[in-house]
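The file work-v7.pdb comes next; it holds PDB, C-alpha atoms and all ligand atoms.
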MODEL        1
ATOM      1  CA  MET A   1     -17.746  10.945   4.168  1.00  0.00           C
ATOM      2  CA  THR A   2     -14.014  11.245   3.500  1.00  0.00           C
ATOM      3  CA  SER A   3     -11.413  12.212   6.113  1.00  0.00           C
ATOM      4  CA  MET A   4     -10.892  15.509   4.299  1.00  0.00           C
ATOM      5  CA  GLU A   5     -14.633  16.250   4.347  1.00  0.00           C
ATOM      6  CA  ILE A   6     -14.761  15.676   8.112  1.00  0.00           C
ATOM      7  CA  LEU A   7     -11.852  18.089   8.634  1.00  0.00           C
ATOM      8  CA  GLN A   8     -13.484  20.652   6.294  1.00  0.00           C
ATOM      9  CA  ARG A   9     -16.759  20.354   8.203  1.00  0.00           C
ATOM     10  CA  LEU A  10     -14.951  21.008  11.489  1.00  0.00           C
ATOM     11  CA  GLN A  11     -13.139  23.910   9.828  1.00  0.00           C
ATOM     12  CA  ARG A  12     -16.465  25.520   8.889  1.00  0.00           C
ATOM     13  CA  VAL A  13     -17.581  25.280  12.552  1.00  0.00           C
ATOM     14  CA  LEU A  14     -14.264  26.799  13.665  1.00  0.00           C
ATOM     15  CA  ALA A  15     -14.861  29.736  11.277  1.00  0.00           C
ATOM     16  CA  GLU A  16     -18.408  30.225  12.605  1.00  0.00           C
ATOM     17  CA  ARG A  17     -17.066  30.349  16.168  1.00  0.00           C
ATOM     18  CA  ARG A  18     -15.203  33.565  15.328  1.00  0.00           C
ATOM     19  CA  ASN A  19     -18.512  35.344  15.960  1.00  0.00           C
ATOM     20  CA  ALA A  20     -19.431  33.437  19.144  1.00  0.00           C
ATOM     21  CA  ALA A  21     -19.136  34.649  22.725  1.00  0.00           C
ATOM     22  CA  PRO A  22     -16.136  33.108  24.544  1.00  0.00           C
ATOM     23  CA  ASP A  23     -18.322  31.753  27.366  1.00  0.00           C
ATOM     24  CA  SER A  24     -20.652  30.011  24.896  1.00  0.00           C
ATOM     25  CA  SER A  25     -18.068  27.961  23.029  1.00  0.00           C
ATOM     26  CA  TYR A  26     -14.761  26.216  23.815  1.00  0.00           C
ATOM     27  CA  VAL A  27     -13.351  27.330  20.442  1.00  0.00           C
ATOM     28  CA  ALA A  28     -14.445  30.953  20.908  1.00  0.00           C
ATOM     29  CA  GLY A  29     -12.821  30.812  24.359  1.00  0.00           C
ATOM     30  CA  LEU A  30      -9.582  29.647  22.739  1.00  0.00           C
ATOM     31  CA  TYR A  31      -9.667  32.458  20.142  1.00  0.00           C
ATOM     32  CA  ALA A  32     -10.133  34.915  23.004  1.00  0.00           C
ATOM     33  CA  LYS A  33      -6.906  33.627  24.594  1.00  0.00           C
ATOM     34  CA  GLY A  34      -5.000  34.684  21.475  1.00  0.00           C
ATOM     35  CA  THR A  35      -1.939  33.181  19.849  1.00  0.00           C
ATOM     36  CA  ASP A  36      -0.117  32.450  23.124  1.00  0.00           C
ATOM     37  CA  GLY A  37      -3.129  30.698  24.674  1.00  0.00           C
ATOM     38  CA  ILE A  38      -3.817  28.576  21.610  1.00  0.00           C
ATOM     39  CA  CYS A  39      -0.124  27.664  21.238  1.00  0.00           C
ATOM     40  CA  LYS A  40      -0.040  26.636  24.908  1.00  0.00           C
ATOM     41  CA  LYS A  41      -2.896  24.186  24.279  1.00  0.00           C
ATOM     42  CA  VAL A  42      -1.160  22.807  21.151  1.00  0.00           C
ATOM     43  CA  ALA A  43       1.997  22.220  23.207  1.00  0.00           C
ATOM     44  CA  GLU A  44       0.012  20.530  26.005  1.00  0.00           C
ATOM     45  CA  GLU A  45      -1.770  18.251  23.548  1.00  0.00           C
ATOM     46  CA  ALA A  46       1.532  17.356  21.844  1.00  0.00           C
ATOM     47  CA  ALA A  47       2.950  16.355  25.238  1.00  0.00           C
ATOM     48  CA  GLU A  48      -0.168  14.273  25.975  1.00  0.00           C
ATOM     49  CA  ALA A  49       0.152  12.514  22.600  1.00  0.00           C
ATOM     50  CA  ILE A  50       3.781  11.704  23.374  1.00  0.00           C
ATOM     51  CA  MET A  51       2.807  10.248  26.758  1.00  0.00           C
ATOM     52  CA  ALA A  52       0.097   8.118  25.114  1.00  0.00           C
ATOM     53  CA  ALA A  53       2.646   6.832  22.593  1.00  0.00           C
ATOM     54  CA  LYS A  54       5.015   5.938  25.394  1.00  0.00           C
ATOM     55  CA  ASP A  55       2.188   4.011  27.095  1.00  0.00           C
ATOM     56  CA  GLY A  56       1.811   2.025  23.854  1.00  0.00           C
ATOM     57  CA  ASP A  57      -1.969   2.386  24.024  1.00  0.00           C
ATOM     58  CA  GLN A  58      -3.363   2.796  20.471  1.00  0.00           C
ATOM     59  CA  THR A  59      -6.819   3.997  21.536  1.00  0.00           C
ATOM     60  CA  HIS A  60      -5.363   6.591  23.898  1.00  0.00           C
ATOM     61  CA  LEU A  61      -2.889   7.673  21.207  1.00  0.00           C
ATOM     62  CA  VAL A  62      -5.678   8.232  18.657  1.00  0.00           C
ATOM     63  CA  LYS A  63      -7.647  10.342  21.178  1.00  0.00           C
ATOM     64  CA  GLU A  64      -4.643  12.481  22.078  1.00  0.00           C
ATOM     65  CA  VAL A  65      -3.575  12.981  18.446  1.00  0.00           C
ATOM     66  CA  THR A  66      -7.184  13.971  17.675  1.00  0.00           C
ATOM     67  CA  ASP A  67      -6.913  16.607  20.437  1.00  0.00           C
ATOM     68  CA  LEU A  68      -3.600  17.726  18.913  1.00  0.00           C
ATOM     69  CA  TRP A  69      -5.031  17.987  15.383  1.00  0.00           C
ATOM     70  CA  PHE A  70      -8.126  19.791  16.711  1.00  0.00           C
ATOM     71  CA  HIS A  71      -6.082  22.410  18.559  1.00  0.00           C
ATOM     72  CA  SER A  72      -3.710  22.729  15.566  1.00  0.00           C
ATOM     73  CA  MET A  73      -6.748  23.421  13.376  1.00  0.00           C
ATOM     74  CA  VAL A  74      -7.872  26.132  15.809  1.00  0.00           C
ATOM     75  CA  LEU A  75      -4.369  27.634  15.533  1.00  0.00           C
ATOM     76  CA  LEU A  76      -4.555  27.546  11.716  1.00  0.00           C
ATOM     77  CA  ALA A  77      -8.036  29.104  11.772  1.00  0.00           C
ATOM     78  CA  HIS A  78      -6.756  31.828  14.113  1.00  0.00           C
ATOM     79  CA  PHE A  79      -4.255  32.727  11.367  1.00  0.00           C
ATOM     80  CA  GLY A  80      -6.844  32.468   8.576  1.00  0.00           C
ATOM     81  CA  VAL A  81      -5.416  29.327   7.005  1.00  0.00           C
ATOM     82  CA  GLY A  82      -6.907  25.869   6.831  1.00  0.00           C
ATOM     83  CA  VAL A  83      -6.632  22.191   6.068  1.00  0.00           C
ATOM     84  CA  GLU A  84      -6.530  22.905   2.302  1.00  0.00           C
ATOM     85  CA  ASP A  85      -3.316  24.881   2.861  1.00  0.00           C
ATOM     86  CA  VAL A  86      -1.750  22.008   4.815  1.00  0.00           C
ATOM     87  CA  ALA A  87      -2.927  19.492   2.189  1.00  0.00           C
ATOM     88  CA  ALA A  88      -1.419  21.677  -0.564  1.00  0.00           C
ATOM     89  CA  GLU A  89       1.904  21.713   1.295  1.00  0.00           C
ATOM     90  CA  PHE A  90       1.819  17.890   1.599  1.00  0.00           C
ATOM     91  CA  LEU A  91       1.082  17.724  -2.134  1.00  0.00           C
ATOM     92  CA  ARG A  92       4.018  20.039  -2.884  1.00  0.00           C
ATOM     93  CA  ARG A  93       6.285  17.742  -0.831  1.00  0.00           C
ATOM     94  CA  GLU A  94       4.926  14.519  -2.330  1.00  0.00           C
ATOM     95  CA  GLY A  95       7.678  12.302  -3.666  1.00  0.00           C
ATOM     96  CA  VAL A  96      10.447  14.515  -2.282  1.00  0.00           C
ATOM     97  CA  SER A  97      12.549  12.384   0.037  1.00  0.00           C
ATOM     98  CA  GLY A  98      13.099  14.024   3.410  1.00  0.00           C
ATOM     99  CA  ILE A  99      16.763  13.049   3.171  1.00  0.00           C
ATOM    100  CA  GLU A 100      17.143  14.693  -0.279  1.00  0.00           C
ATOM    101  CA  GLU A 101      15.198  17.785   0.770  1.00  0.00           C
ATOM    102  CA  LYS A 102      17.469  18.245   3.791  1.00  0.00           C
ATOM    103  CA  LYS A 103      20.602  17.973   1.611  1.00  0.00           C
ATOM    104  CA  GLN A 104      19.218  20.616  -0.795  1.00  0.00           C
ATOM    105  CA  ARG A 105      18.812  23.105   2.055  1.00  0.00           C
ATOM    106  CA  GLY A 106      22.579  23.549   1.924  1.00  0.00           C
ATOM    107  CA  ASN A 107      22.701  23.562   5.697  1.00  0.00           C
ATOM    108  CA  PRO A 108      26.051  22.158   6.906  1.00  0.00           C
ATOM    109  CA  SER A 109      24.517  20.752  10.131  1.00  0.00           C
TER     110      SER A 109
HETATM  111  N1  LIG A 201     -13.396  18.359  18.186  1.00  0.00           N
HETATM  112  C1  LIG A 201     -13.541  19.096  19.166  1.00  0.00           C
HETATM  113  C2  LIG A 201     -12.740  18.918  20.351  1.00  0.00           C
HETATM  114  N2  LIG A 201     -11.759  18.056  20.656  1.00  0.00           N
HETATM  115  C3  LIG A 201     -11.364  18.373  21.901  1.00  0.00           C
HETATM  116  N3  LIG A 201     -12.087  19.404  22.397  1.00  0.00           N
HETATM  117  C4  LIG A 201     -11.991  20.028  23.714  1.00  0.00           C
HETATM  118  O1  LIG A 201     -10.639  20.334  23.962  1.00  0.00           O
HETATM  119  C5  LIG A 201     -10.426  20.321  25.349  1.00  0.00           C
HETATM  120  C6  LIG A 201      -9.189  19.474  25.567  1.00  0.00           C
HETATM  121  O2  LIG A 201      -8.506  20.038  26.547  1.00  0.00           O
HETATM  122  P1  LIG A 201      -7.986  19.186  27.778  1.00  0.00           P
HETATM  123  O3  LIG A 201      -7.935  17.734  27.449  1.00  0.00           O
HETATM  124  O4  LIG A 201      -6.752  19.858  28.192  1.00  0.00           O
HETATM  125  O5  LIG A 201      -9.192  19.382  28.787  1.00  0.00           O
HETATM  126  P2  LIG A 201      -9.438  20.553  29.787  1.00  0.00           P
HETATM  127  O6  LIG A 201      -8.538  20.350  30.934  1.00  0.00           O
HETATM  128  O7  LIG A 201     -10.913  20.534  30.041  1.00  0.00           O
HETATM  129  O8  LIG A 201      -9.016  21.891  28.995  1.00  0.00           O
HETATM  130  P3  LIG A 201      -8.602  23.273  29.639  1.00  0.00           P
HETATM  131  O9  LIG A 201      -9.739  23.739  30.508  1.00  0.00           O
HETATM  132  O10 LIG A 201      -7.316  23.050  30.389  1.00  0.00           O
HETATM  133  O11 LIG A 201      -8.372  24.190  28.462  1.00  0.00           O
HETATM  134  C7  LIG A 201     -11.646  19.726  26.028  1.00  0.00           C
HETATM  135  O12 LIG A 201     -12.445  20.759  26.578  1.00  0.00           O
HETATM  136  C8  LIG A 201     -12.385  19.083  24.848  1.00  0.00           C
HETATM  137  O13 LIG A 201     -13.779  19.057  24.993  1.00  0.00           O
HETATM  138  C9  LIG A 201     -12.954  19.779  21.451  1.00  0.00           C
HETATM  139  N4  LIG A 201     -13.886  20.772  21.433  1.00  0.00           N
HETATM  140  C10 LIG A 201     -14.622  20.936  20.306  1.00  0.00           C
HETATM  141  N5  LIG A 201     -14.479  20.129  19.182  1.00  0.00           N
HETATM  142  C11 LIG A 201     -15.258  20.401  17.955  1.00  0.00           C
HETATM  143  O14 LIG A 201     -15.454  21.804  17.855  1.00  0.00           O
HETATM  144  C12 LIG A 201     -16.837  22.089  17.728  1.00  0.00           C
HETATM  145  C13 LIG A 201     -17.122  23.438  18.338  1.00  0.00           C
HETATM  146  O15 LIG A 201     -16.946  23.380  19.751  1.00  0.00           O
HETATM  147  P4  LIG A 201     -17.486  24.581  20.652  1.00  0.00           P
HETATM  148  O16 LIG A 201     -16.778  25.791  20.197  1.00  0.00           O
HETATM  149  O17 LIG A 201     -17.172  24.245  22.087  1.00  0.00           O
HETATM  150  O18 LIG A 201     -18.956  24.647  20.418  1.00  0.00           O
HETATM  151  C14 LIG A 201     -17.545  20.914  18.399  1.00  0.00           C
HETATM  152  O19 LIG A 201     -18.847  20.748  17.916  1.00  0.00           O
HETATM  153  C15 LIG A 201     -16.651  19.747  17.983  1.00  0.00           C
HETATM  154  O20 LIG A 201     -16.972  19.348  16.647  1.00  0.00           O
ENDMDL
END
Please, can you express the file's structure as structure tokens?
Ligand SMILES: N=c1c2ncn([C@@H]3O[C@H](COP(=O)(O)OP(=O)(O)OP(=O)(O)O)[C@@H](O)[C@H]3O)c2ncn1[C@@H]1O[C@H](COP(=O)(O)O)[C@@H](O)[C@H]1O
Amino acid sequence: MTSMEILQRLQRVLAERRNAAPDSSYVAGLYAKGTDGICKKVAEEAAEAIMAAKDGDQTHLVKEVTDLWFHSMVLLAHFGVGVEDVAAEFLRREGVSGIEEKKQRGNPS
């Protein structure tokens, strides 16, 4: 199974959880908390990933980034978008240097 297939499989479960009772599923509980609640978890997981990176522990870092990706996927699903949309955006950016892209924004800062 490819990495993309694993993410798509999770995404299908996240979509199914839209119809689940909040007390029966962690994901349904997150949806019930709304945008603010889901964003709060994404922020918490980002902070935990940063702390793992600072510890220099690869295994811990992978676990925390997995939590971050998972909660980010719940946020995407909450807005009706998915991993295909993120992949398409990466594809659109492919080969465009971040330095060049920033210059083209015409932002003086
Ligand atoms: N991949 C995950 C996954 N990764 C992390 N988590 C949960 O995310 C939470 C991480 O939050 P924390 O580390 O802050 O732990 P916590 O303190 O218990 O969380 P809070 O009570 O503070 O919200 C934990 O409860 C983890 O179990 C996940 N929960 C579910 N999934 C996938 O989602 C599917 C659907 O899950 P349910 O909706 O619960 O059936 C599962 O079958 C899995 O495939």
Contacts of A:Tyr26 within 12 Å, all atoms listed in the file, excl. fewer than 2 positions in-chain, as a list in words: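 The contact residues come out as Val13, Leu14, Arg17, Arg18, Ala20, Ala21, Pro22, Asp23, Ser24, Ala28, Gly29, Leu30, Tyr31, Ala32, Lys33, Ile38, Phe70, His71 and Val74 of chain A.
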Pairwise distance for atom CA of A:Glu44 and atom N1 of ligand LIG 201 (chain A), rounded to one decimal in Å: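 That distance, rounded to one decimal, is 15.7 Å.
Comparing the minimum interatomic distances between ligand LIG 201 (chain A) and each of A:Gly37, A:Gly95, A:Gly56, A:Gly82, counting all atoms listed in the file, we find that A:Gly37 sits nearest.
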As lines of an AutoDock Vina configuration file: centre and edge lengths in Å, one decimal, of the axis-aligned box holding ligand LIG 201 (chain A) with 5 Å per side:
center_x = -12.9
center_y = 21.8
center_z = 23.8
size_x = 22.2
size_y = 18.1
size_z = 24.3
Atomic distance atom P3 of ligand LIG 201 (chain A) - atom CA of A:Asp67, expressed in Å with one decimal: 11.5 Å
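Going from atom CA of A:Arg9 to atom C10 of ligand LIG 201 (chain A) covers 12.3 Å.
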Minimum-distance residue to A:Gly34, chosen among A:Ala77, A:Val86, A:Leu7, A:Ile99 (using only C-alpha atoms):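 Result for the nearest residue to A:Gly34: A:Ala77.
Closest approach to ligand LIG 201 (chain A) from the set A:Glu5, A:Glu84, A:Glu48, A:Asp36 is made by A:Glu48, with distances taken over only C-alpha atoms and all ligand atoms.
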